[in-house]
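K.L.:
Next comes the structure file entry21.tsv, holding TSV, N, CA and C atoms.
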chain	number	residue	atom	x	y	z
J	1	MET	N	77.41	189.60	76.70
J	1	MET	CA	76.75	188.46	76.10
J	1	MET	C	76.93	187.20	76.95
J	2	ALA	N	77.98	187.16	77.78
J	2	ALA	CA	78.22	185.97	78.59
J	2	ALA	C	77.15	185.77	79.65
J	3	THR	N	76.41	186.81	79.98
J	3	THR	CA	75.37	186.70	81.01
J	3	THR	C	73.97	186.57	80.41
J	4	ILE	N	73.90	186.25	79.13
J	4	ILE	CA	72.61	186.13	78.46
J	4	ILE	C	72.46	184.75	77.85
J	5	ASP	N	71.28	184.19	78.00
J	5	ASP	CA	70.95	182.90	77.40
J	5	ASP	C	69.68	183.11	76.58
J	6	PHE	N	69.57	182.42	75.47
J	6	PHE	CA	68.40	182.54	74.61
J	6	PHE	C	67.69	181.19	74.53
J	7	ARG	N	66.44	181.16	74.89
J	7	ARG	CA	65.62	179.96	74.74
J	7	ARG	C	64.75	180.19	73.51
J	8	VAL	N	65.23	179.67	72.40
J	8	VAL	CA	64.65	179.98	71.10
J	8	VAL	C	63.43	179.11	70.82
J	9	SER	N	62.35	179.76	70.48
J	9	SER	CA	61.12	179.09	70.06
J	9	SER	C	61.19	178.82	68.56
J	10	SER	N	60.47	177.84	68.11
J	10	SER	CA	60.42	177.57	66.68
J	10	SER	C	59.58	178.61	65.95
J	11	ARG	N	58.79	179.37	66.71
J	11	ARG	CA	57.96	180.43	66.12
J	11	ARG	C	58.54	181.79	66.49
J	12	ALA	N	58.80	182.61	65.49
J	12	ALA	CA	59.37	183.94	65.72
J	12	ALA	C	58.38	184.84	66.46
J	13	HIS	N	58.88	185.59	67.44
J	13	HIS	CA	58.02	186.54	68.17
J	13	HIS	C	58.01	187.90	67.48
J	14	ILE	N	58.94	188.10	66.56
J	14	ILE	CA	58.96	189.31	65.74
J	14	ILE	C	59.03	188.87	64.29
J	15	THR	N	58.16	189.45	63.48
J	15	THR	CA	58.21	189.18	62.04
J	15	THR	C	58.34	190.50	61.31
J	16	VAL	N	59.02	190.43	60.19
J	16	VAL	CA	59.25	191.62	59.36
J	16	VAL	C	58.66	191.36	57.99
J	17	ASP	N	57.81	192.26	57.53
J	17	ASP	CA	57.23	192.16	56.19
J	17	ASP	C	58.16	192.90	55.23
J	18	SER	N	59.00	192.15	54.56
J	18	SER	CA	60.02	192.73	53.69
J	18	SER	C	59.41	193.57	52.57
J	19	ASP	N	58.20	193.23	52.14
J	19	ASP	CA	57.54	194.02	51.09
J	19	ASP	C	57.24	195.43	51.57
J	20	VAL	N	56.83	195.57	52.83
J	20	VAL	CA	56.54	196.88	53.39
J	20	VAL	C	57.84	197.67	53.57
J	21	CYS	N	58.93	196.97	53.84
J	21	CYS	CA	60.23	197.62	54.08
J	21	CYS	C	60.89	198.14	52.81
J	22	GLU	N	60.52	197.57	51.68
J	22	GLU	CA	61.14	198.01	50.42
J	22	GLU	C	60.94	199.51	50.24
J	23	GLY	N	61.99	200.17	49.92
J	23	GLY	CA	61.92	201.60	49.65
J	23	GLY	C	61.91	202.47	50.89
J	24	CYS	N	62.03	201.89	52.07
J	24	CYS	CA	62.07	202.68	53.30
J	24	CYS	C	63.37	203.48	53.31
J	25	PRO	N	63.28	204.80	53.33
J	25	PRO	CA	64.51	205.59	53.30
J	25	PRO	C	65.24	205.60	54.64
J	26	ALA	N	64.54	205.43	55.74
J	26	ALA	CA	65.17	205.54	57.06
J	26	ALA	C	65.91	204.27	57.47
J	27	ARG	N	65.26	203.12	57.31
J	27	ARG	CA	65.82	201.83	57.72
J	27	ARG	C	66.37	201.90	59.15
J	28	ALA	N	65.60	202.55	60.01
J	28	ALA	CA	66.02	202.78	61.39
J	28	ALA	C	66.22	201.49	62.17
J	29	CYS	N	65.47	200.45	61.83
J	29	CYS	CA	65.61	199.19	62.55
J	29	CYS	C	67.02	198.62	62.43
J	30	ILE	N	67.65	198.82	61.28
J	30	ILE	CA	68.99	198.29	61.05
J	30	ILE	C	70.00	198.94	61.99
J	31	THR	N	69.91	200.24	62.13
J	31	THR	CA	70.88	200.95	62.97
J	31	THR	C	70.50	200.96	64.45
J	32	ALA	N	69.22	200.82	64.77
J	32	ALA	CA	68.78	200.93	66.17
J	32	ALA	C	68.87	199.63	66.96
J	33	CYS	N	68.81	198.50	66.31
J	33	CYS	CA	68.82	197.21	67.01
J	33	CYS	C	70.14	197.01	67.75
J	34	PRO	N	70.10	196.90	69.09
J	34	PRO	CA	71.34	196.74	69.83
J	34	PRO	C	72.03	195.40	69.59
J	35	ALA	N	71.32	194.42	69.08
J	35	ALA	CA	71.90	193.11	68.80
J	35	ALA	C	72.29	192.94	67.33
J	36	ASN	N	72.07	193.98	66.52
J	36	ASN	CA	72.38	193.95	65.08
J	36	ASN	C	71.74	192.76	64.36
J	37	LEU	N	70.44	192.58	64.59
J	37	LEU	CA	69.73	191.43	64.02
J	37	LEU	C	69.02	191.73	62.70
J	38	PHE	N	69.01	192.98	62.27
J	38	PHE	CA	68.37	193.35	61.01
J	38	PHE	C	69.43	193.48	59.92
J	39	VAL	N	69.21	192.81	58.80
J	39	VAL	CA	70.18	192.80	57.71
J	39	VAL	C	69.48	193.22	56.42
J	40	PRO	N	70.01	194.22	55.72
J	40	PRO	CA	69.41	194.59	54.43
J	40	PRO	C	69.68	193.50	53.40
J	41	THR	N	68.70	193.25	52.54
J	41	THR	CA	68.86	192.26	51.48
J	41	THR	C	69.12	192.97	50.16
J	42	SER	N	69.64	192.25	49.20
J	42	SER	CA	70.00	192.84	47.91
J	42	SER	C	68.78	193.34	47.14
J	43	ASP	N	67.59	192.82	47.45
J	43	ASP	CA	66.39	193.25	46.73
J	43	ASP	C	65.67	194.42	47.41
J	44	GLY	N	66.30	195.02	48.44
J	44	GLY	CA	65.71	196.18	49.11
J	44	GLY	C	64.92	195.85	50.35
J	45	GLY	N	64.78	194.58	50.66
J	45	GLY	CA	64.05	194.18	51.84
J	45	GLY	C	64.95	194.12	53.06
J	46	ILE	N	64.42	193.55	54.13
J	46	ILE	CA	65.17	193.41	55.37
J	46	ILE	C	64.93	192.01	55.92
J	47	LEU	N	66.01	191.37	56.32
J	47	LEU	CA	65.96	190.06	56.94
J	47	LEU	C	66.15	190.25	58.44
J	48	PHE	N	65.33	189.58	59.24
J	48	PHE	CA	65.45	189.68	60.70
J	48	PHE	C	65.74	188.31	61.27
J	49	ASN	N	66.75	188.22	62.11
J	49	ASN	CA	67.14	186.98	62.77
J	49	ASN	C	66.73	187.06	64.24
J	50	TYR	N	65.58	186.50	64.58
J	50	TYR	CA	65.01	186.66	65.92
J	50	TYR	C	65.69	185.84	67.01
J	51	GLU	N	66.53	184.91	66.64
J	51	GLU	CA	67.05	183.94	67.59
J	51	GLU	C	67.83	184.55	68.75
J	52	GLN	N	68.47	185.68	68.58
J	52	GLN	CA	69.23	186.30	69.67
J	52	GLN	C	68.70	187.70	70.00
J	53	CYS	N	67.40	187.83	69.95
J	53	CYS	CA	66.75	189.11	70.21
J	53	CYS	C	66.71	189.39	71.72
J	54	PHE	N	67.04	190.63	72.10
J	54	PHE	CA	67.00	191.06	73.49
J	54	PHE	C	65.59	191.40	73.96
J	55	GLU	N	64.62	191.42	73.03
J	55	GLU	CA	63.22	191.74	73.33
J	55	GLU	C	63.04	193.14	73.89
J	56	CYS	N	63.86	194.07	73.43
J	56	CYS	CA	63.79	195.45	73.94
J	56	CYS	C	62.69	196.27	73.28
J	57	GLY	N	62.26	195.87	72.07
J	57	GLY	CA	61.20	196.58	71.37
J	57	GLY	C	61.67	197.80	70.60
J	58	THR	N	62.97	198.04	70.55
J	58	THR	CA	63.49	199.21	69.86
J	58	THR	C	63.08	199.23	68.39
J	59	CYS	N	63.18	198.10	67.73
J	59	CYS	CA	62.84	198.04	66.30
J	59	CYS	C	61.40	198.48	66.06
J	60	TYR	N	60.51	198.00	66.91
J	60	TYR	CA	59.10	198.32	66.78
J	60	TYR	C	58.85	199.82	67.01
J	61	MET	N	59.58	200.39	67.95
J	61	MET	CA	59.40	201.80	68.28
J	61	MET	C	59.94	202.74	67.20
J	62	VAL	N	61.04	202.39	66.55
J	62	VAL	CA	61.65	203.29	65.58
J	62	VAL	C	61.11	203.13	64.16
J	63	CYS	N	60.39	202.05	63.90
J	63	CYS	CA	59.88	201.80	62.54
J	63	CYS	C	58.75	202.77	62.21
J	64	ASN	N	58.86	203.41	61.05
J	64	ASN	CA	57.85	204.37	60.61
J	64	ASN	C	56.85	203.79	59.62
J	65	ASN	N	57.04	202.53	59.21
J	65	ASN	CA	56.16	201.92	58.21
J	65	ASN	C	55.17	200.99	58.89
J	66	GLU	N	53.92	201.39	58.91
J	66	GLU	CA	52.89	200.59	59.57
J	66	GLU	C	52.82	199.20	58.95
J	67	GLY	N	52.84	198.19	59.80
J	67	GLY	CA	52.75	196.81	59.34
J	67	GLY	C	54.07	196.17	58.95
J	68	ALA	N	55.15	196.93	59.01
J	68	ALA	CA	56.45	196.36	58.63
J	68	ALA	C	56.95	195.39	59.68
J	69	ILE	N	56.78	195.74	60.96
J	69	ILE	CA	57.25	194.90	62.05
J	69	ILE	C	56.08	194.52	62.95
J	70	THR	N	55.94	193.23	63.18
J	70	THR	CA	54.93	192.73	64.11
J	70	THR	C	55.70	192.16	65.30
J	71	TRP	N	55.43	192.69	66.48
J	71	TRP	CA	56.17	192.32	67.68
J	71	TRP	C	55.23	191.78	68.74
J	72	ALA	N	55.61	190.68	69.37
J	72	ALA	CA	54.83	190.09	70.46
J	72	ALA	C	55.80	189.47	71.45
J	73	ASP	N	55.33	189.20	72.65
J	73	ASP	CA	56.17	188.49	73.61
J	73	ASP	C	56.39	187.07	73.11
J	74	PRO	N	57.57	186.49	73.36
J	74	PRO	CA	57.80	185.10	72.97
J	74	PRO	C	56.85	184.16	73.71
J	75	GLU	N	56.66	182.98	73.15
J	75	GLU	CA	55.83	181.97	73.81
J	75	GLU	C	56.40	181.66	75.18
J	76	GLY	N	55.55	181.27	76.11
J	76	GLY	CA	55.99	180.97	77.47
J	76	GLY	C	57.19	180.03	77.52
J	77	GLY	N	58.16	180.39	78.36
J	77	GLY	CA	59.35	179.57	78.51
J	77	GLY	C	60.43	179.84	77.48
J	78	HIS	N	60.16	180.75	76.55
J	78	HIS	CA	61.13	181.08	75.50
J	78	HIS	C	61.53	182.54	75.60
J	79	GLY	N	62.61	182.87	74.89
J	79	GLY	CA	63.07	184.25	74.83
J	79	GLY	C	64.39	184.43	75.55
J	80	VAL	N	64.73	185.67	75.79
J	80	VAL	CA	65.99	186.01	76.42
J	80	VAL	C	65.92	185.76	77.92
J	81	VAL	N	67.02	185.23	78.46
J	81	VAL	CA	67.14	184.99	79.89
J	81	VAL	C	68.43	185.63	80.36
J	82	TYR	N	68.32	186.58	81.27
J	82	TYR	CA	69.50	187.24	81.81
J	82	TYR	C	69.97	186.46	83.03
J	83	LYS	N	71.18	185.92	82.95
J	83	LYS	CA	71.74	185.11	84.03
J	83	LYS	C	72.45	186.00	85.05
J	84	ARG	N	72.46	185.56	86.25
J	84	ARG	CA	73.22	186.26	87.30
J	84	ARG	C	74.67	185.86	87.15
J	85	SER	N	75.53	186.83	87.34
J	85	SER	CA	76.97	186.53	87.22
J	85	SER	C	77.59	186.20	88.55
Using structure tokens, write down the structure that the file contains.
P.N.:
Amino acid sequence: MATIDFRVSSRAHITVDSDVCEGCPARACITACPANLFVPTSDGGILFNYEQCFECGTCYMVCNNEGAITWADPEGGHGVVYKRS
């Protein structure tokens, strides 16, 4: 993490539709995210914290519920920046 910087945009590049996530038996996004940014909520939904996203796309690839996760590249000049050590 010491070699990573995040340039956070005010607009999320990944959004999660918690209504679509309700009742998902797999919840693969929670276990697959290498940054642990997906959090189950008490009402059965999922909260996503995009601010420290590695932009790997794993969540989008493992999700089986169409429309649950919308993924796009961050706005220009924003997102993860890997620094040289």
K.L.:
Using only N, CA and C atoms, which residue out of J:Thr58, J:Thr3, J:Thr15, J:Asn36 lies closest to Ala72 in chain J?
P.N.:
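Between J:Thr58, J:Thr3, J:Thr15, J:Asn36, the residue approaching Ala72 in chain J most closely is J:Thr15.
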K.L.:
Would you mind listing what lies within 12 Å of Asp5 in chain J as an MDAnalysis selection string, with only C-alpha atoms counted and same-chain residues fewer than 3 positions away left out?
P.N.:
chainID J and resid 1:2 8 51:54 78:84
K.L.:
Could you save those same residues with N, CA and C atoms as a CSV table (one decimal), in the coordinates of the input?
P.N.:
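The result, stored in part-v4.csv:
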chain,number,residue,atom,x,y,z
J,1,MET,N,77.4,189.6,76.7
J,1,MET,CA,76.8,188.5,76.1
J,1,MET,C,76.9,187.2,77.0
J,2,ALA,N,78.0,187.2,77.8
J,2,ALA,CA,78.2,186.0,78.6
J,2,ALA,C,77.2,185.8,79.6
J,8,VAL,N,65.2,179.7,72.4
J,8,VAL,CA,64.6,180.0,71.1
J,8,VAL,C,63.4,179.1,70.8
J,51,GLU,N,66.5,184.9,66.6
J,51,GLU,CA,67.0,183.9,67.6
J,51,GLU,C,67.8,184.6,68.8
J,52,GLN,N,68.5,185.7,68.6
J,52,GLN,CA,69.2,186.3,69.7
J,52,GLN,C,68.7,187.7,70.0
J,53,CYS,N,67.4,187.8,70.0
J,53,CYS,CA,66.8,189.1,70.2
J,53,CYS,C,66.7,189.4,71.7
J,54,PHE,N,67.0,190.6,72.1
J,54,PHE,CA,67.0,191.1,73.5
J,54,PHE,C,65.6,191.4,74.0
J,78,HIS,N,60.2,180.8,76.6
J,78,HIS,CA,61.1,181.1,75.5
J,78,HIS,C,61.5,182.5,75.6
J,79,GLY,N,62.6,182.9,74.9
J,79,GLY,CA,63.1,184.2,74.8
J,79,GLY,C,64.4,184.4,75.6
J,80,VAL,N,64.7,185.7,75.8
J,80,VAL,CA,66.0,186.0,76.4
J,80,VAL,C,65.9,185.8,77.9
J,81,VAL,N,67.0,185.2,78.5
J,81,VAL,CA,67.1,185.0,79.9
J,81,VAL,C,68.4,185.6,80.4
J,82,TYR,N,68.3,186.6,81.3
J,82,TYR,CA,69.5,187.2,81.8
J,82,TYR,C,70.0,186.5,83.0
J,83,LYS,N,71.2,185.9,83.0
J,83,LYS,CA,71.7,185.1,84.0
J,83,LYS,C,72.4,186.0,85.0
J,84,ARG,N,72.5,185.6,86.2
J,84,ARG,CA,73.2,186.3,87.3
J,84,ARG,C,74.7,185.9,87.2
K.L.:
In Å, with one decimal, what is the gap from atom C of Ser18 in chain J to atom C of Tyr50 in chain J?
P.N.:
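About the pair atom C of Ser18 in chain J and atom C of Tyr50 in chain J: they are 17.5 Å apart.
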K.L.:
Smallest atom-to-atom distance to Phe48 in chain J: which of J:Cys33, J:Pro25, J:Gly77, J:Val16, using only C-alpha atoms?
P.N.:
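Closest to Phe48 in chain J, using only C-alpha atoms: J:Val16.
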K.L.:
Please identify all polymer residues within 8 Å of Ile30 in chain J, counting only N, CA and C atoms, omitting same-chain residues fewer than 5 positions from it, and present them as a PyMOL selection string.
P.N.:
chain J and resi 36-40+59
K.L.:
Taking the backbone alone, and naming residues the way the document does, which bits of chain J are alpha helix (DSSP H) by DSSP, as number ranges by chain?
P.N.:
J: 18-21, 28-32, 58-62
K.L.:
Please give the complete set of residues from chain J that DSSP, run on the backbone, assigns to strand (DSSP E), formatted as a tab-separated table (two decimals) with N, CA and C atoms, in the coordinates of the input.
P.N.:
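Output contents, as saved in out_1.tsv:
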chain	number	residue	atom	x	y	z
J	4	ILE	N	73.90	186.25	79.13
J	4	ILE	CA	72.61	186.13	78.46
J	4	ILE	C	72.46	184.75	77.85
J	5	ASP	N	71.28	184.19	78.00
J	5	ASP	CA	70.95	182.90	77.40
J	5	ASP	C	69.68	183.11	76.58
J	6	PHE	N	69.57	182.42	75.47
J	6	PHE	CA	68.40	182.54	74.61
J	6	PHE	C	67.69	181.19	74.53
J	7	ARG	N	66.44	181.16	74.89
J	7	ARG	CA	65.62	179.96	74.74
J	7	ARG	C	64.75	180.19	73.51
J	14	ILE	N	58.94	188.10	66.56
J	14	ILE	CA	58.96	189.31	65.74
J	14	ILE	C	59.03	188.87	64.29
J	15	THR	N	58.16	189.45	63.48
J	15	THR	CA	58.21	189.18	62.04
J	15	THR	C	58.34	190.50	61.31
J	16	VAL	N	59.02	190.43	60.19
J	16	VAL	CA	59.25	191.62	59.36
J	16	VAL	C	58.66	191.36	57.99
J	38	PHE	N	69.01	192.98	62.27
J	38	PHE	CA	68.37	193.35	61.01
J	38	PHE	C	69.43	193.48	59.92
J	39	VAL	N	69.21	192.81	58.80
J	39	VAL	CA	70.18	192.80	57.71
J	39	VAL	C	69.48	193.22	56.42
J	40	PRO	N	70.01	194.22	55.72
J	40	PRO	CA	69.41	194.59	54.43
J	40	PRO	C	69.68	193.50	53.40
J	46	ILE	N	64.42	193.55	54.13
J	46	ILE	CA	65.17	193.41	55.37
J	46	ILE	C	64.93	192.01	55.92
J	47	LEU	N	66.01	191.37	56.32
J	47	LEU	CA	65.96	190.06	56.94
J	47	LEU	C	66.15	190.25	58.44
J	48	PHE	N	65.33	189.58	59.24
J	48	PHE	CA	65.45	189.68	60.70
J	48	PHE	C	65.74	188.31	61.27
J	69	ILE	N	56.78	195.74	60.96
J	69	ILE	CA	57.25	194.90	62.05
J	69	ILE	C	56.08	194.52	62.95
J	70	THR	N	55.94	193.23	63.18
J	70	THR	CA	54.93	192.73	64.11
J	70	THR	C	55.70	192.16	65.30
J	71	TRP	N	55.43	192.69	66.48
J	71	TRP	CA	56.17	192.32	67.68
J	71	TRP	C	55.23	191.78	68.74
J	79	GLY	N	62.61	182.87	74.89
J	79	GLY	CA	63.07	184.25	74.83
J	79	GLY	C	64.39	184.43	75.55
J	80	VAL	N	64.73	185.67	75.79
J	80	VAL	CA	65.99	186.01	76.42
J	80	VAL	C	65.92	185.76	77.92
J	81	VAL	N	67.02	185.23	78.46
J	81	VAL	CA	67.14	184.99	79.89
J	81	VAL	C	68.43	185.63	80.36
J	82	TYR	N	68.32	186.58	81.27
J	82	TYR	CA	69.50	187.24	81.81
J	82	TYR	C	69.97	186.46	83.03
K.L.:
In terms of the shortest atom-to-atom distance over all atoms listed in the file, which of J:Glu55, J:Asn64, J:Ile46, J:Glu75 is closest to Asp17 in chain J?
P.N.:
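That would be J:Ile46, the residue with the smallest distance to Asp17 in chain J.
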K.L.:
To one decimal place, how far is atom C of Glu22 in chain J from CA of Ser9 in chain J in Å?
P.N.:
28.5 Å
K.L.:
For each of J:Cys56, J:Ala12, J:Leu47, J:Val62, take the minimum atom-to-atom distance to Thr31 in chain J, counting only C-alpha atoms, then give the residue where this is smallest.
P.N.:
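Of the candidates, the smallest distance to Thr31 in chain J is held by J:Val62.
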K.L.:
From the list J:Arg7, J:Pro34, J:Glu66, J:Thr41, which residue is nearest Val20 in chain J when using all atoms listed in the file?
P.N.:
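Under the stated criterion, the closest residue is J:Glu66.
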K.L.:
Counting all atoms listed in the file, figure out which residue out of J:His13, J:Phe6, J:Cys24, J:Asp43 gets nearest to Asn65 in chain J.
P.N.:
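Nearest candidate to Asn65 in chain J out of J:His13, J:Phe6, J:Cys24, J:Asp43: J:Cys24.
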K.L.:
Can you work out the spacing between atom N of Ala28 in chain J and atom N of Met61 in chain J in Å, to one decimal?
P.N.:
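About the pair atom N of Ala28 in chain J and atom N of Met61 in chain J: they are 10.2 Å apart.
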